[in-house]
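Dumped structure.cif below, it's mmCIF, C-alpha atoms:
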```
data_protein
#
loop_
_atom_site.label_atom_id
_atom_site.label_comp_id
_atom_site.auth_asym_id
_atom_site.auth_seq_id
_atom_site.Cartn_x
_atom_site.Cartn_y
_atom_site.Cartn_z
CA MET N 126 110.63 97.22 121.68
CA SER N 127 114.10 96.41 120.52
CA ASP N 128 115.96 98.35 117.86
CA PRO N 129 118.22 96.24 115.64
CA GLY N 130 120.44 99.24 115.03
CA PRO N 131 120.97 101.72 112.27
CA ALA N 132 122.89 99.37 110.01
CA THR N 133 119.73 97.42 109.21
CA ALA N 134 118.13 100.37 107.49
CA GLU N 135 120.71 103.03 106.99
CA SER N 136 123.43 100.95 105.38
CA HIS N 137 121.09 100.04 102.57
CA GLN N 138 120.45 103.63 101.62
CA SER N 139 123.77 104.12 99.87
CA SER N 140 122.93 101.70 97.06
CA PRO N 141 121.32 103.43 94.07
CA ARG N 142 120.93 100.31 91.95
CA PRO N 143 118.16 97.76 91.71
CA ARG N 144 118.86 94.67 93.78
CA VAL N 145 117.09 92.28 91.42
CA PRO N 146 116.89 93.53 87.84
CA ALA N 147 113.52 92.30 86.68
CA ALA N 148 114.55 92.10 83.06
CA SER N 149 117.48 89.83 83.69
CA ASP N 150 115.30 87.41 85.63
CA ARG N 151 113.57 86.56 82.37
CA SER N 152 116.45 86.85 79.93
CA GLY N 153 118.09 83.47 80.36
CA PRO N 154 121.87 83.21 80.47
CA GLY N 155 122.46 86.43 78.56
CA ARG N 156 121.57 89.92 79.64
CA PRO N 157 119.00 91.87 77.61
CA ALA N 158 120.04 94.80 75.51
CA PRO N 159 119.77 98.18 77.28
CA ALA N 160 116.75 99.20 75.18
CA ALA N 161 114.96 95.93 76.03
CA ALA N 162 115.80 96.38 79.71
CA ARG N 163 114.35 99.88 79.64
CA ARG N 164 111.16 98.61 77.95
CA THR N 165 110.83 95.85 80.54
CA SER N 166 111.39 98.30 83.40
CA LEU N 167 108.78 100.66 81.96
CA LEU N 168 106.28 97.82 81.59
CA VAL N 169 106.81 96.66 85.18
CA THR N 170 106.45 100.24 86.37
CA LEU N 171 103.15 100.65 84.53
CA VAL N 172 101.79 97.34 85.84
CA LEU N 173 102.75 98.09 89.44
CA GLY N 174 101.36 101.60 89.06
CA GLY N 175 98.08 100.11 87.89
CA LEU N 176 97.96 97.81 90.90
CA THR N 177 98.61 100.66 93.33
CA ALA N 178 95.85 102.61 91.58
CA VAL N 179 93.24 100.04 92.69
CA PRO N 180 92.49 101.77 96.05
CA PRO N 181 92.03 105.32 94.68
CA LEU N 182 89.99 103.97 91.78
CA SER N 183 87.75 101.97 94.13
CA MET N 184 87.34 104.90 96.51
CA ASP N 185 87.60 108.15 94.59
CA MET N 186 85.50 107.32 91.53
CA TYR N 187 82.66 106.58 93.94
CA LEU N 188 83.00 109.75 96.04
CA PRO N 189 80.88 112.14 93.93
CA ALA N 190 78.06 109.56 94.08
CA LEU N 191 77.84 109.39 97.88
CA PRO N 192 75.01 111.92 98.23
CA ALA N 193 73.14 110.21 95.37
CA VAL N 194 73.56 106.79 97.04
CA THR N 195 72.00 108.12 100.25
CA ARG N 196 68.94 109.19 98.28
CA SER N 197 68.75 106.09 96.06
CA LEU N 198 69.00 103.57 98.90
CA HIS N 199 67.06 105.74 101.39
CA SER N 200 69.86 105.51 103.92
CA PRO N 201 71.47 108.17 106.16
CA ALA N 202 74.87 109.56 105.23
CA ALA N 203 76.56 107.80 108.16
CA THR N 204 75.34 104.42 106.87
CA VAL N 205 76.44 105.12 103.30
CA GLN N 206 79.86 106.21 104.56
CA LEU N 207 80.18 102.66 105.91
CA THR N 208 80.46 101.50 102.29
CA LEU N 209 83.80 103.33 102.27
CA THR N 210 84.71 101.95 105.67
CA ALA N 211 83.88 98.38 104.61
CA CYS N 212 86.04 98.58 101.49
CA LEU N 213 88.89 100.12 103.45
CA ALA N 214 88.64 97.56 106.26
CA GLY N 215 88.59 94.77 103.67
CA MET N 216 91.74 96.10 102.04
CA ALA N 217 93.39 96.24 105.47
CA LEU N 218 92.47 92.71 106.56
CA GLY N 219 93.10 91.20 103.14
CA GLN N 220 96.69 92.39 103.19
CA MET N 221 97.35 90.46 106.39
CA VAL N 222 96.47 87.28 104.49
CA VAL N 223 97.93 88.03 101.07
CA GLY N 224 101.27 89.43 102.32
CA PRO N 225 102.45 86.25 104.08
CA MET N 226 100.98 84.14 101.24
CA SER N 227 103.15 86.01 98.74
CA ASP N 228 106.26 85.37 100.90
CA LYS N 229 105.45 81.63 100.85
CA TRP N 230 104.08 81.02 97.33
CA GLY N 231 105.51 83.92 95.36
CA ARG N 232 103.90 87.11 94.15
CA ARG N 233 102.11 86.08 90.97
CA ARG N 234 99.60 83.40 92.03
CA PRO N 235 98.04 85.25 95.02
CA LEU N 236 97.84 88.41 92.92
CA LEU N 237 95.88 86.78 90.10
CA ILE N 238 93.45 85.11 92.53
CA GLY N 239 92.87 88.38 94.37
CA MET N 240 92.26 90.40 91.22
CA THR N 241 89.76 87.84 89.91
CA VAL N 242 87.71 87.99 93.12
CA TYR N 243 87.94 91.80 93.04
CA VAL N 244 86.26 91.84 89.63
CA LEU N 245 83.42 89.56 90.81
CA ALA N 246 82.80 91.60 93.98
CA THR N 247 82.76 94.86 92.04
CA ALA N 248 80.15 93.42 89.70
CA LEU N 249 77.99 92.56 92.73
CA CYS N 250 78.05 96.23 93.77
CA VAL N 251 76.20 97.05 90.55
CA ILE N 252 73.13 95.04 91.60
CA ALA N 253 73.02 96.15 95.26
CA GLY N 254 69.42 96.86 96.29
CA ASN N 255 70.10 98.22 99.77
CA ALA N 256 72.89 99.71 101.81
CA GLU N 257 73.57 96.48 103.71
CA PHE N 258 74.18 94.47 100.52
CA LEU N 259 76.40 97.23 99.15
CA ILE N 260 78.42 97.32 102.38
CA GLY N 261 78.95 93.54 102.19
CA ALA N 262 79.97 93.64 98.52
CA ARG N 263 82.37 96.48 99.20
CA LEU N 264 83.93 94.48 102.05
CA VAL N 265 84.65 91.57 99.69
CA GLN N 266 85.87 94.01 97.05
CA GLY N 267 88.36 95.42 99.55
CA LEU N 268 89.50 92.00 100.78
CA ALA N 269 90.30 90.93 97.22
CA GLY N 270 91.69 94.27 96.06
CA ALA N 271 94.25 94.10 98.87
CA ALA N 272 96.29 91.71 96.73
CA GLY N 273 97.24 94.44 94.29
CA ILE N 274 98.33 96.85 97.01
CA VAL N 275 100.47 94.58 99.16
CA ILE N 276 102.08 92.62 96.33
CA ALA N 277 103.00 95.74 94.36
CA ARG N 278 105.00 97.03 97.35
CA ALA N 279 106.59 93.61 97.87
CA VAL N 280 107.62 93.43 94.20
CA VAL N 281 109.32 96.83 94.53
CA ARG N 282 111.23 95.53 97.57
CA ASP N 283 112.21 92.40 95.59
CA MET N 284 113.65 94.52 92.80
CA TYR N 285 115.12 97.63 94.43
CA ASP N 286 117.05 98.92 97.42
CA GLY N 287 118.13 102.23 98.94
CA VAL N 288 117.89 105.36 96.80
CA ALA N 289 116.52 103.35 93.87
CA MET N 290 113.60 102.14 95.99
CA ALA N 291 112.78 105.65 97.21
CA ARG N 292 112.78 106.95 93.66
CA PHE N 293 110.69 104.04 92.40
CA PHE N 294 108.05 104.67 95.06
CA SER N 295 107.91 108.30 93.93
CA THR N 296 107.52 107.13 90.33
CA LEU N 297 104.68 104.85 91.39
CA MET N 298 103.07 107.86 93.05
CA LEU N 299 103.19 109.68 89.72
CA ILE N 300 101.42 106.80 87.98
CA SER N 301 98.97 105.85 90.71
CA GLY N 302 98.46 109.54 91.46
CA VAL N 303 96.74 109.92 88.11
CA ALA N 304 93.96 107.71 89.47
CA PRO N 305 92.73 110.08 92.19
CA VAL N 306 93.00 112.96 89.71
CA VAL N 307 90.85 111.36 87.03
CA ALA N 308 88.68 109.05 89.15
CA PRO N 309 86.39 111.72 90.67
CA LEU N 310 86.24 113.46 87.29
CA ILE N 311 85.16 110.20 85.66
CA GLY N 312 82.71 109.56 88.49
CA GLY N 313 81.20 113.01 88.09
CA GLN N 314 80.80 112.54 84.34
CA ILE N 315 79.28 109.08 84.81
CA LEU N 316 76.65 110.65 87.06
CA ARG N 317 75.70 113.00 84.24
CA ILE N 318 74.64 110.09 82.01
CA THR N 319 73.62 107.37 84.47
CA ASP N 320 73.26 106.72 88.19
CA TRP N 321 75.81 105.61 90.77
CA ARG N 322 75.65 101.99 89.60
CA GLY N 323 77.42 103.02 86.43
CA VAL N 324 80.49 103.82 88.52
CA PHE N 325 80.79 100.17 89.52
CA VAL N 326 80.25 99.03 85.93
CA VAL N 327 83.29 101.08 84.91
CA LEU N 328 85.30 99.73 87.88
CA THR N 329 84.42 96.17 86.82
CA VAL N 330 85.73 96.81 83.30
CA ILE N 331 88.93 98.35 84.69
CA GLY N 332 89.41 95.35 86.99
CA VAL N 333 89.05 92.89 84.12
CA ALA N 334 91.56 94.80 81.99
CA LEU N 335 94.12 95.06 84.81
CA THR N 336 93.80 91.35 85.64
CA LEU N 337 94.49 90.41 82.02
CA VAL N 338 97.52 92.71 81.87
CA VAL N 339 98.94 91.21 85.06
CA TRP N 340 98.41 87.69 83.73
CA ARG N 341 100.15 88.45 80.46
CA THR N 342 103.06 90.66 81.57
CA LEU N 343 103.99 90.44 85.26
CA HIS N 344 106.51 87.67 85.91
CA GLU N 345 107.49 86.22 89.27
CA THR N 346 109.99 88.35 91.23
CA LEU N 347 110.48 86.15 94.31
CA PRO N 348 112.65 83.11 93.46
CA PRO N 349 111.90 79.83 95.29
CA GLU N 350 115.07 79.97 97.37
CA ARG N 351 113.94 83.25 98.96
CA ARG N 352 110.44 82.04 99.87
CA HIS N 353 109.40 81.23 103.43
CA ALA N 354 108.19 77.83 104.54
CA GLY N 355 105.62 77.36 107.26
CA GLY N 356 102.00 78.22 107.85
CA LEU N 357 100.06 80.70 109.94
CA GLY N 358 102.30 80.28 112.98
CA ALA N 359 105.43 81.14 111.02
CA ALA N 360 103.72 84.16 109.48
CA LEU N 361 102.66 85.44 112.88
CA ARG N 362 106.17 84.95 114.27
CA THR N 363 107.59 86.90 111.35
CA MET N 364 105.18 89.76 111.92
CA ARG N 365 105.88 89.76 115.64
CA GLY N 366 109.58 90.04 114.90
CA LEU N 367 108.95 92.96 112.55
CA LEU N 368 106.85 94.78 115.15
CA ALA N 369 109.61 94.24 117.73
CA ASP N 370 111.74 96.63 115.68
CA ARG N 371 110.92 99.97 117.32
CA VAL N 372 111.96 102.04 114.31
CA PHE N 373 109.96 99.94 111.82
CA THR N 374 106.91 100.21 114.09
CA GLY N 375 107.47 103.96 114.34
CA TYR N 376 107.38 104.45 110.58
CA LEU N 377 104.40 102.09 110.35
CA LEU N 378 102.42 104.23 112.83
CA VAL N 379 103.47 107.47 111.15
CA ALA N 380 102.13 106.15 107.85
CA ALA N 381 98.92 104.90 109.51
CA PHE N 382 98.06 108.19 111.24
CA ALA N 383 98.96 110.25 108.17
CA PHE N 384 96.70 108.06 106.04
CA ALA N 385 93.90 108.45 108.59
CA ALA N 386 94.15 112.24 108.22
CA LEU N 387 93.99 111.80 104.45
CA PHE N 388 91.01 109.45 104.63
CA ALA N 389 89.16 111.84 106.94
CA TYR N 390 89.38 114.26 104.02
CA ILE N 391 88.32 111.61 101.50
CA SER N 392 85.28 110.57 103.56
CA ALA N 393 84.05 114.02 104.58
CA SER N 394 84.93 116.23 101.64
CA PRO N 395 81.99 115.21 99.40
CA PHE N 396 79.56 116.42 102.07
CA VAL N 397 81.66 119.43 103.12
CA VAL N 398 82.12 120.71 99.57
CA GLN N 399 78.70 119.79 98.16
CA ASP N 400 76.29 120.01 101.12
CA ILE N 401 77.89 122.74 103.24
CA TYR N 402 79.31 124.95 100.48
CA GLY N 403 76.74 124.08 97.80
CA ALA N 404 79.17 122.98 95.08
CA SER N 405 78.10 120.58 92.36
CA ALA N 406 79.43 117.04 91.94
CA GLN N 407 81.48 118.27 88.99
CA THR N 408 83.00 121.15 91.01
CA TYR N 409 83.87 118.76 93.80
CA SER N 410 85.49 116.40 91.30
CA MET N 411 87.57 119.27 89.90
CA LEU N 412 88.75 120.36 93.38
CA PHE N 413 89.62 116.80 94.29
CA GLY N 414 91.58 116.46 91.08
CA VAL N 415 93.54 119.66 91.79
CA ASN N 416 94.43 118.37 95.25
CA SER N 417 95.58 115.07 93.77
CA VAL N 418 97.79 116.94 91.30
CA GLY N 419 99.42 118.67 94.27
CA LEU N 420 100.09 115.30 95.89
CA VAL N 421 101.66 113.98 92.68
CA LEU N 422 103.81 117.10 92.17
CA LEU N 423 105.24 117.03 95.68
CA GLY N 424 105.83 113.30 95.32
CA GLN N 425 107.85 113.94 92.17
CA ILE N 426 109.81 116.78 93.75
CA ASN N 427 110.59 114.37 96.54
CA GLY N 428 111.74 111.57 94.23
CA LYS N 429 113.51 113.58 91.52
CA VAL N 430 115.01 116.46 93.52
CA LEU N 431 115.19 115.70 97.24
CA VAL N 432 116.12 112.01 97.29
CA GLY N 433 119.91 111.73 97.28
CA ARG N 434 120.33 115.32 98.50
CA VAL N 435 118.23 115.64 101.64
CA SER N 436 117.74 113.20 104.50
CA LEU N 437 114.56 111.16 104.15
CA ASP N 438 113.77 111.93 107.77
CA LYS N 439 114.05 115.68 107.13
CA VAL N 440 111.65 115.35 104.20
CA LEU N 441 109.27 113.40 106.41
CA ALA N 442 109.49 116.00 109.18
CA VAL N 443 108.61 118.81 106.76
CA GLY N 444 105.67 116.83 105.38
CA LEU N 445 104.30 116.10 108.84
CA ALA N 446 104.68 119.76 109.86
CA LEU N 447 102.72 120.90 106.79
CA ILE N 448 99.94 118.41 107.48
CA THR N 449 99.69 119.57 111.10
CA LEU N 450 99.55 123.26 110.12
CA ALA N 451 96.91 122.60 107.47
CA ALA N 452 94.77 120.61 109.91
CA ALA N 453 95.03 123.40 112.50
CA ALA N 454 93.95 125.99 109.91
CA LEU N 455 91.00 123.83 108.85
CA LEU N 456 89.90 123.45 112.47
CA LEU N 457 90.03 127.22 113.05
CA MET N 458 88.04 127.88 109.88
CA SER N 459 85.42 125.21 110.55
CA THR N 460 84.81 126.42 114.12
CA GLY N 461 84.26 130.00 112.93
CA VAL N 462 87.27 131.55 114.69
CA PHE N 463 87.91 133.64 111.56
CA GLY N 464 84.22 134.29 111.03
CA PRO N 465 82.31 132.90 108.03
CA VAL N 466 84.68 131.61 105.36
CA GLY N 467 83.94 130.63 101.80
CA LEU N 468 84.90 127.57 99.83
CA ALA N 469 88.24 128.98 98.61
CA PRO N 470 90.01 129.17 102.03
CA MET N 471 88.70 125.73 103.03
CA ALA N 472 89.79 124.27 99.68
CA THR N 473 93.26 125.81 100.15
CA GLY N 474 93.69 124.11 103.52
CA LEU N 475 92.57 120.78 102.07
CA PHE N 476 95.01 121.23 99.18
CA VAL N 477 97.99 121.74 101.51
CA LEU N 478 97.00 118.74 103.63
CA MET N 479 96.58 116.37 100.69
CA ALA N 480 99.61 117.60 98.71
CA SER N 481 101.87 117.12 101.75
CA MET N 482 101.11 113.41 101.61
CA GLY N 483 103.41 113.35 98.58
CA LEU N 484 106.31 113.90 100.99
CA VAL N 485 105.07 111.59 103.74
CA MET N 486 103.73 108.40 102.17
CA PRO N 487 106.60 107.31 99.86
CA THR N 488 109.15 108.28 102.51
CA THR N 489 107.57 106.22 105.30
CA ASN N 490 107.19 103.21 102.97
CA THR N 491 110.84 103.42 101.97
CA GLN N 492 112.18 103.86 105.49
CA ALA N 493 110.11 100.95 106.81
CA LEU N 494 110.82 98.52 103.98
CA LEU N 495 114.57 99.26 104.05
CA ARG N 496 114.64 97.35 107.34
CA THR N 497 112.71 94.28 106.10
CA SER N 498 114.33 92.70 103.03
CA HIS N 499 113.94 89.26 104.66
CA ALA N 500 110.11 89.49 104.80
CA ALA N 501 108.96 92.12 102.32
CA GLY N 502 105.49 90.63 101.86
CA SER N 503 104.74 90.48 105.58
CA ALA N 504 106.17 93.96 106.14
CA SER N 505 104.11 95.33 103.27
CA ALA N 506 101.04 93.66 104.76
CA LEU N 507 101.64 95.27 108.14
CA LEU N 508 102.13 98.68 106.53
CA GLY N 509 99.01 98.36 104.44
CA THR N 510 96.83 96.87 107.16
CA SER N 511 97.70 99.53 109.72
CA THR N 512 97.09 102.41 107.30
CA PHE N 513 93.79 101.07 105.97
CA LEU N 514 92.46 100.10 109.41
CA MET N 515 93.27 103.55 110.73
CA GLY N 516 91.52 105.05 107.74
CA ALA N 517 88.51 102.82 108.37
CA VAL N 518 88.35 104.12 111.95
CA ALA N 519 88.59 107.74 110.80
CA SER N 520 85.81 107.40 108.21
CA PRO N 521 82.74 107.16 110.51
CA LEU N 522 84.18 109.67 112.99
CA VAL N 523 83.99 112.54 110.50
CA GLY N 524 80.20 112.15 110.25
CA ILE N 525 79.25 111.84 113.92
CA ALA N 526 77.99 115.46 114.12
CA GLY N 527 75.90 115.27 110.95
CA GLU N 528 76.36 116.47 107.41
CA ARG N 529 76.27 120.24 108.02
CA THR N 530 79.56 120.79 109.86
CA ALA N 531 83.22 120.28 108.98
CA VAL N 532 84.41 120.36 112.61
CA PRO N 533 84.65 116.55 113.07
CA MET N 534 86.74 116.26 109.89
CA ALA N 535 89.17 118.91 111.11
CA VAL N 536 89.37 117.42 114.62
CA VAL N 537 90.18 113.96 113.27
CA GLN N 538 92.78 115.37 110.88
CA GLY N 539 94.47 117.45 113.58
CA SER N 540 94.53 114.58 116.08
CA CYS N 541 96.01 112.17 113.54
CA ALA N 542 98.65 114.69 112.47
CA LEU N 543 99.77 115.21 116.07
CA LEU N 544 99.88 111.45 116.70
CA ALA N 545 101.98 110.92 113.57
CA LEU N 546 104.44 113.58 114.76
CA ALA N 547 104.60 111.98 118.19
CA CYS N 548 105.38 108.54 116.73
CA PHE N 549 108.06 110.02 114.47
CA LEU N 550 109.80 111.76 117.35
CA GLY N 551 109.20 109.12 120.01
CA LEU N 552 109.82 105.89 118.07
CA CYS N 553 111.78 106.66 114.90
CA ARG N 554 114.20 109.05 116.66
CA PRO N 555 116.19 109.94 113.53
CA TRP N 556 118.73 112.07 115.43
CA GLN N 557 119.57 109.09 117.67
CA ARG N 558 120.15 106.77 114.71
CA ARG N 559 122.53 109.28 113.10
CA GLU N 560 124.53 109.46 116.33
CA GLU N 561 124.67 105.66 116.60
CA SER N 562 125.78 105.41 112.98
CA THR N 563 128.65 107.84 113.61
CA GLU N 564 129.72 106.05 116.80
CA ASP N 565 129.80 102.71 114.94
CA GLY N 566 132.28 104.18 112.48
CA THR N 567 129.89 104.23 109.53
CA THR N 568 129.34 107.31 107.46
CA GLY N 569 127.32 109.85 109.34
CA GLY N 570 125.40 110.43 106.15
CA GLY N 571 123.81 107.02 106.21
CA ASN N 572 120.53 108.74 106.81
CA ARG N 573 121.28 111.46 104.30
CA LEU N 574 120.97 109.38 101.19
#
```

Show me this structure written as structure tokens.
Amino acid sequence: MSDPGPATAESHQSSPRPRVPAASDRSGPGRPAPAAARRTSLLVTLVLGGLTAVPPLSMDMYLPALPAVTRSLHSPAATVQLTLTACLAGMALGQMVVGPMSDKWGRRRPLLIGMTVYVLATALCVIAGNAEFLIGARLVQGLAGAAGIVIARAVVRDMYDGVAMARFFSTLMLISGVAPVVAPLIGGQILRITDWRGVFVVLTVIGVALTLVVWRTLHETLPPERRHAGGLGAALRTMRGLLADRVFTGYLLVAAFAFAALFAYISASPFVVQDIYGASAQTYSMLFGVNSVGLVLLGQINGKVLVGRVSLDKVLAVGLALITLAAAALLLMSTGVFGPVGLAPMATGLFVLMASMGLVMPTTNTQALLRTSHAAGSASALLGTSTFLMGAVASPLVGIAGERTAVPMAVVQGSCALLALACFLGLCRPWQRREESTEDGTTGGGNRL
């Protein structure tokens, strides 16, 4: 694979300002007052945060109900876990369609269509009478929900560059990070008053509200002169060109394997915590919420403290090292090397693994998208598709040895962590790009932000 050189990505990192101020796009010939600009920026941030919250809402609110679904639909745990896999696979494949569409037709129209279909598919989950129907409805739900994920990232790339983009992604993590904190808690409380179908009723209501907010408040961020002409062939050529960039592909694979380690936790933890360690659905929801708080806190430390002071690649290296160490500790505990362990040590390892994603995920997104201003929608689609497909592969693997062991979860997490490290070192090669930047006469701190 060819590497277009450090200037493509690194030279952008010195710009701390938004590239396309969203407020001014709608203000006519005059610029809005500073207070109005701040209100507009806050509104856009909240809307994009809501869109990025669609995946954790769709997944995490449903997690405490997984054991109940197995009993209600008289299906084995491995089959019910496919409802997670189907939704995740749908979100992956849907992004491959919606991303190029948004580069051709703009961001707003594909987003509204996708959110409308998401609402309808979620409502179908409420009436599912068997696992097969639920799996199919979840697949459509994921396909449609992909619009919110891929277009939110593309809108950020339309509006921001460099340090500003890295900080905005961390801000989005703060907003969307509330979803995995509260979603399992809401799911656990819903199960106290109704069955698992009530979870999808609440998701349907949330989908309707978010669709209406997008329709009323989110304006187009991709002007006609920056849109791409052409059909499927042009989209495929664009994606092929993106994948030919070795460094972009490296960050894409790092993000994909890191997300697979995270999704191995998401898929297996309801059974590990509740069936192996005997915790209640409410206790599991509380532990999941604590882990999500850790992810949000590290994401904010990254965006508010580290960005602009520490190299993004150094932050990413630390995050990957923490994930690898946590996965190794979980494997040793689950195989009994330390003897019988209780819930607290296992929960601590899971906390470190999930919290470290706050350093890894926004950093990989920023580093990859810095190289792709010419095709942000397609690049966002490739990032999203690879991560969600890898997560879909990890989901059934964690249950292959049954519901009474955590070993498969730890093996999948450790393998994915090592693969992410290998891609970072073998493809991204941050030390090599710093040397090339210095030899070209650019500032050696191009990668230092």

**Asked** Can you list what the PyMOL selection byres ((chain N and resi 398) around 12) grabs from this structure, as number ranges by chain?
**Response** N: 188-189, 192, 390-397, 399-413, 467-472, 475, 528-531

Anything within 12 Å of (99.8, 87.8, 82.2): list those residues as a PDB file with C-alpha atoms, in the frame of the given file, counting all atoms listed in the file and sticking to the file's coordinates.
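Result went into part.pdb, see below:
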```pdb
ATOM      1  CA  LEU N 168     106.280  97.820  81.590  1.00  0.00           C
ATOM      2  CA  VAL N 169     106.810  96.660  85.180  1.00  0.00           C
ATOM      3  CA  VAL N 172     101.790  97.340  85.840  1.00  0.00           C
ATOM      4  CA  ARG N 233     102.110  86.080  90.970  1.00  0.00           C
ATOM      5  CA  ARG N 234      99.600  83.400  92.030  1.00  0.00           C
ATOM      6  CA  LEU N 236      97.840  88.410  92.920  1.00  0.00           C
ATOM      7  CA  LEU N 237      95.880  86.780  90.100  1.00  0.00           C
ATOM      8  CA  ALA N 334      91.560  94.800  81.990  1.00  0.00           C
ATOM      9  CA  LEU N 335      94.120  95.060  84.810  1.00  0.00           C
ATOM     10  CA  THR N 336      93.800  91.350  85.640  1.00  0.00           C
ATOM     11  CA  LEU N 337      94.490  90.410  82.020  1.00  0.00           C
ATOM     12  CA  VAL N 338      97.520  92.710  81.870  1.00  0.00           C
ATOM     13  CA  VAL N 339      98.940  91.210  85.060  1.00  0.00           C
ATOM     14  CA  TRP N 340      98.410  87.690  83.730  1.00  0.00           C
ATOM     15  CA  ARG N 341     100.150  88.450  80.460  1.00  0.00           C
ATOM     16  CA  THR N 342     103.060  90.660  81.570  1.00  0.00           C
ATOM     17  CA  LEU N 343     103.990  90.440  85.260  1.00  0.00           C
ATOM     18  CA  HIS N 344     106.510  87.670  85.910  1.00  0.00           C
ATOM     19  CA  GLU N 345     107.490  86.220  89.270  1.00  0.00           C
TER      20      GLU N 345
END
```

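With only C-alpha atoms as the atoms that count, the residue of N:Gly414, N:Gly375, N:Gly551, N:Pro521 with the shortest distance to Ala493 (chain N) is N:Gly375.
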
**Item:** Selected residue of minimal separation from Gly419 (chain N) among N:Ser511, N:Thr473, N:Ser227, N:Thr204, counting only C-alpha atoms
**Value:** N:Thr473

**Asked** Which residues fall under the PyMOL selection byres ((chain N and resi 455) around 12) in this file, as a ChimeraX atom specification?
**Response** /N:390,397,448-454,456-463,466,468-478,530-539

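Shortest separation to Ala253 (chain N) among N:Leu316, N:Leu213, N:Val194, N:Ala519 occurs at residue N:Val194, atoms counted being only C-alpha atoms.
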
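When CA of Leu508 (chain N) is paired with CA of Met486 (chain N), their separation reads 10.8 Å.
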
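Proximity of N:Leu259, N:Ala480, N:Ile274, N:Val205 to Pro235 (chain N), computed with only C-alpha atoms, is greatest for N:Ile274.
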
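Take the candidates N:Ala308, N:Ala386, N:Ala269, N:Gly313 and check each one against Pro181 (chain N) using only C-alpha atoms; the shortest distance goes to N:Ala308.
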
**Request:** Excluding region 489-492 of chain N and any residue of its chain fewer than 2 positions from it, enumerate the residues within 10 Å of it, using all atoms listed in the file, and give them as JSON, numbers by chain.
**Result:** {"N": [134, 135, 138, 278, 282, 286, 287, 288, 289, 290, 291, 292, 293, 294, 295, 372, 373, 375, 376, 377, 378, 379, 380, 381, 383, 437, 438, 441, 484, 485, 486, 487, 494, 495, 496, 497, 504, 505, 508, 509, 549, 553, 572]}

Which centre and which edge lengths, in Å to one decimal, describe the axis-aligned box that holds all listed atoms of region 225-232 of chain N after 6 Å is added on each side, as JSON?
```
{"center_x": 103.6, "center_y": 84.1, "center_z": 99.1, "size_x": 17.3, "size_y": 18.1, "size_z": 21.9}
```
